[in-house]
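Below is one structure, written out as structure tokens; the observations come after it.
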Protein chains: 2
Amino acid sequence: MTNSLDAFYSALSDPTRRAVIERLVRGPAPVSELHAPHDIALPTFLRHLKVLEAAGLVRSEKAGRVRTVHIEALALADAEGWIERQRRIWEARLDRLDALAERLETESPPKEP
Amino acid sequence: MTNSLDAFYSALSDPTRRAVIERLVRGPAPVSELHAPHDIALPTFLRHLKVLEAAGLVRSEKAGRVRTVHIEALALADAEGWIERQRRIWEARLDRLDALAERLETESPPKEP
């Protein structure tokens, strides 16, 4: 799992690659359509796709001359899952601190002036 | 925002740095305690902390000789937020496809043999 999280977050640390994900969550797309909005050479763009594919965040298939790219939603869910778990642990800690603060207030109410 | 997401995900792409986050969501900790479970030299570990701090995912403060590190929960929430939004768009698409499939089934029920 450690290695796939390394690859997920490393892949997501680039704006071009995130833009590809943002497009693919709306549905599969051919490489040419994915490349069009980006002002970079095709070989450079293909390297970005390779990074996403190696991380398991997208897959692609070729039919005739057209390569279509799909999102791998489960991998995206794993990448979300780790951060989400950290947030829950953090929130549980805040809740405990809140409860503690409330108990301290009840046990020693502020004195009248 | 693009630049901070770059830094967030790049920082999270390393297992040592994720381990630091996993510890800090349970509460602030001195550098020495954060370093202890990791079998790497202190200067190397401090570089990891610097990456997390530069990304805005942690902050630290020195009191006397002890430097204490804290999580920056809002930055973690931003890193989660981008992935979560992508998942929601993806799920909304699946829901639309489900609804479409259901309508097609209703409109053309399978013929009796």
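Each chain in the structure tokens gets a letter, A, B, ..., in the order shown, and its residues are numbered from 1; ligands are numbered from 1 in order too.
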**Message:** Please list as a list in words every residue within 8 Å of Phe8 of chain A, counting only C-alpha atoms and excluding residues in the same chain fewer than 4 positions away.
**Reply:**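 After dropping sequence-adjacent residues, the list is Ser4, Leu12, Leu52, Ala55, Gly56, Leu57, Ala75, Leu76 and Ala79 of chain A; Ser13 of chain B.
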**Asked** Could you pull out the strand (DSSP E) residues of chain B from DSSP and send them as a PyMOL selection string?
**Response** chain B and resi 29-30+58-63+66-71
Could the residues in this selection be saved with N, CA, C and O atoms as a PDB file, in the first residue's frame?
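File written: again.pdb
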```pdb
ATOM      1  N   ALA B  29       4.063  17.021  18.620  1.00  0.00           N
ATOM      2  CA  ALA B  29       5.160  16.203  19.147  1.00  0.00           C
ATOM      3  C   ALA B  29       6.483  16.912  18.934  1.00  0.00           C
ATOM      4  O   ALA B  29       6.658  17.640  17.950  1.00  0.00           O
ATOM      5  N   PRO B  30       7.434  16.709  19.867  1.00  0.00           N
ATOM      6  CA  PRO B  30       8.781  17.262  19.658  1.00  0.00           C
ATOM      7  C   PRO B  30       9.491  16.510  18.531  1.00  0.00           C
ATOM      8  O   PRO B  30       9.193  15.344  18.260  1.00  0.00           O
ATOM      9  N   VAL B  58       2.574  21.196   8.075  1.00  0.00           N
ATOM     10  CA  VAL B  58       2.892  21.248   9.508  1.00  0.00           C
ATOM     11  C   VAL B  58       3.525  22.615   9.809  1.00  0.00           C
ATOM     12  O   VAL B  58       3.974  23.308   8.909  1.00  0.00           O
ATOM     13  N   ARG B  59       3.512  22.963  11.100  1.00  0.00           N
ATOM     14  CA  ARG B  59       4.279  24.129  11.537  1.00  0.00           C
ATOM     15  C   ARG B  59       5.022  23.716  12.804  1.00  0.00           C
ATOM     16  O   ARG B  59       4.652  22.731  13.455  1.00  0.00           O
ATOM     17  N   SER B  60       6.070  24.441  13.154  1.00  0.00           N
ATOM     18  CA  SER B  60       6.816  24.068  14.351  1.00  0.00           C
ATOM     19  C   SER B  60       7.180  25.319  15.121  1.00  0.00           C
ATOM     20  O   SER B  60       7.222  26.421  14.562  1.00  0.00           O
ATOM     21  N   GLU B  61       7.394  25.131  16.441  1.00  0.00           N
ATOM     22  CA  GLU B  61       7.804  26.276  17.260  1.00  0.00           C
ATOM     23  C   GLU B  61       8.810  25.779  18.289  1.00  0.00           C
ATOM     24  O   GLU B  61       8.729  24.636  18.749  1.00  0.00           O
ATOM     25  N   LYS B  62       9.758  26.645  18.601  1.00  0.00           N
ATOM     26  CA  LYS B  62      10.843  26.258  19.498  1.00  0.00           C
ATOM     27  C   LYS B  62      10.604  26.903  20.864  1.00  0.00           C
ATOM     28  O   LYS B  62      10.301  28.091  20.949  1.00  0.00           O
ATOM     29  N   ALA B  63      10.694  26.092  21.912  1.00  0.00           N
ATOM     30  CA  ALA B  63      10.641  26.616  23.281  1.00  0.00           C
ATOM     31  C   ALA B  63      11.868  26.068  23.987  1.00  0.00           C
ATOM     32  O   ALA B  63      11.963  24.866  24.207  1.00  0.00           O
ATOM     33  N   VAL B  66      13.673  22.683  22.791  1.00  0.00           N
ATOM     34  CA  VAL B  66      12.748  21.709  22.187  1.00  0.00           C
ATOM     35  C   VAL B  66      11.919  22.347  21.080  1.00  0.00           C
ATOM     36  O   VAL B  66      11.251  23.371  21.303  1.00  0.00           O
ATOM     37  N   ARG B  67      11.978  21.766  19.882  1.00  0.00           N
ATOM     38  CA  ARG B  67      11.133  22.226  18.786  1.00  0.00           C
ATOM     39  C   ARG B  67       9.934  21.289  18.687  1.00  0.00           C
ATOM     40  O   ARG B  67      10.080  20.076  18.529  1.00  0.00           O
ATOM     41  N   THR B  68       8.731  21.841  18.793  1.00  0.00           N
ATOM     42  CA  THR B  68       7.505  21.038  18.757  1.00  0.00           C
ATOM     43  C   THR B  68       6.807  21.239  17.409  1.00  0.00           C
ATOM     44  O   THR B  68       6.711  22.368  16.923  1.00  0.00           O
ATOM     45  N   VAL B  69       6.345  20.139  16.830  1.00  0.00           N
ATOM     46  CA  VAL B  69       5.720  20.190  15.505  1.00  0.00           C
ATOM     47  C   VAL B  69       4.218  19.943  15.631  1.00  0.00           C
ATOM     48  O   VAL B  69       3.780  19.075  16.403  1.00  0.00           O
ATOM     49  N   HIS B  70       3.440  20.735  14.892  1.00  0.00           N
ATOM     50  CA  HIS B  70       1.983  20.640  14.903  1.00  0.00           C
ATOM     51  C   HIS B  70       1.481  20.376  13.486  1.00  0.00           C
ATOM     52  O   HIS B  70       2.070  20.855  12.521  1.00  0.00           O
ATOM     53  N   ILE B  71       0.360  19.688  13.382  1.00  0.00           N
ATOM     54  CA  ILE B  71      -0.278  19.494  12.082  1.00  0.00           C
ATOM     55  C   ILE B  71      -0.999  20.789  11.689  1.00  0.00           C
ATOM     56  O   ILE B  71      -1.458  21.531  12.556  1.00  0.00           O
TER      57      ILE B  71
END
```
**Prompt:** Given a cut-off of 8 Å, which residues of chain A touch chain B, counting only C-alpha atoms, written out as a list in words?
**Reply:** Thr2, Leu5, Asp6, Ala7, Phe8, Tyr9, Ser10, Leu12, Ser13, Asp14, Pro15, Ile21, Glu22, Val25, Arg26, Gly27, Ala73, Leu76, Ala77, Ala79, Glu80, Ile83, Glu84, Gln86, Arg87, Ile89, Trp90 and Arg93 of chain A
**Item:** Distance in Å - atom CA of Thr16 of chain B versus atom CA of His48 of chain B
**Value:** 7.5 Å
**Complete:** The residue from A:Arg65, A:Arg96, A:Arg17, A:His35 with the smallest atom-to-atom distance to Lys50 of chain A, counting only C-alpha atoms, is A:Arg17
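One distance worth recording is that between atom CA of Glu72 of chain B and atom CA of Ser32 of chain B, which is 19.2 Å.
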**Request:** From a DSSP pass on the backbone, collect the residues of chain B flagged as alpha helix (DSSP H) and hand them back as a count of residues only.
**Result:** 74
**Request:** In Å, rounded to a single decimal, give me how far atom CA of Pro37 of chain B is from atom CA of Glu53 of chain B.
**Result:**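 Atom CA of Pro37 of chain B lies at a distance of 19.6 Å from atom CA of Glu53 of chain B.
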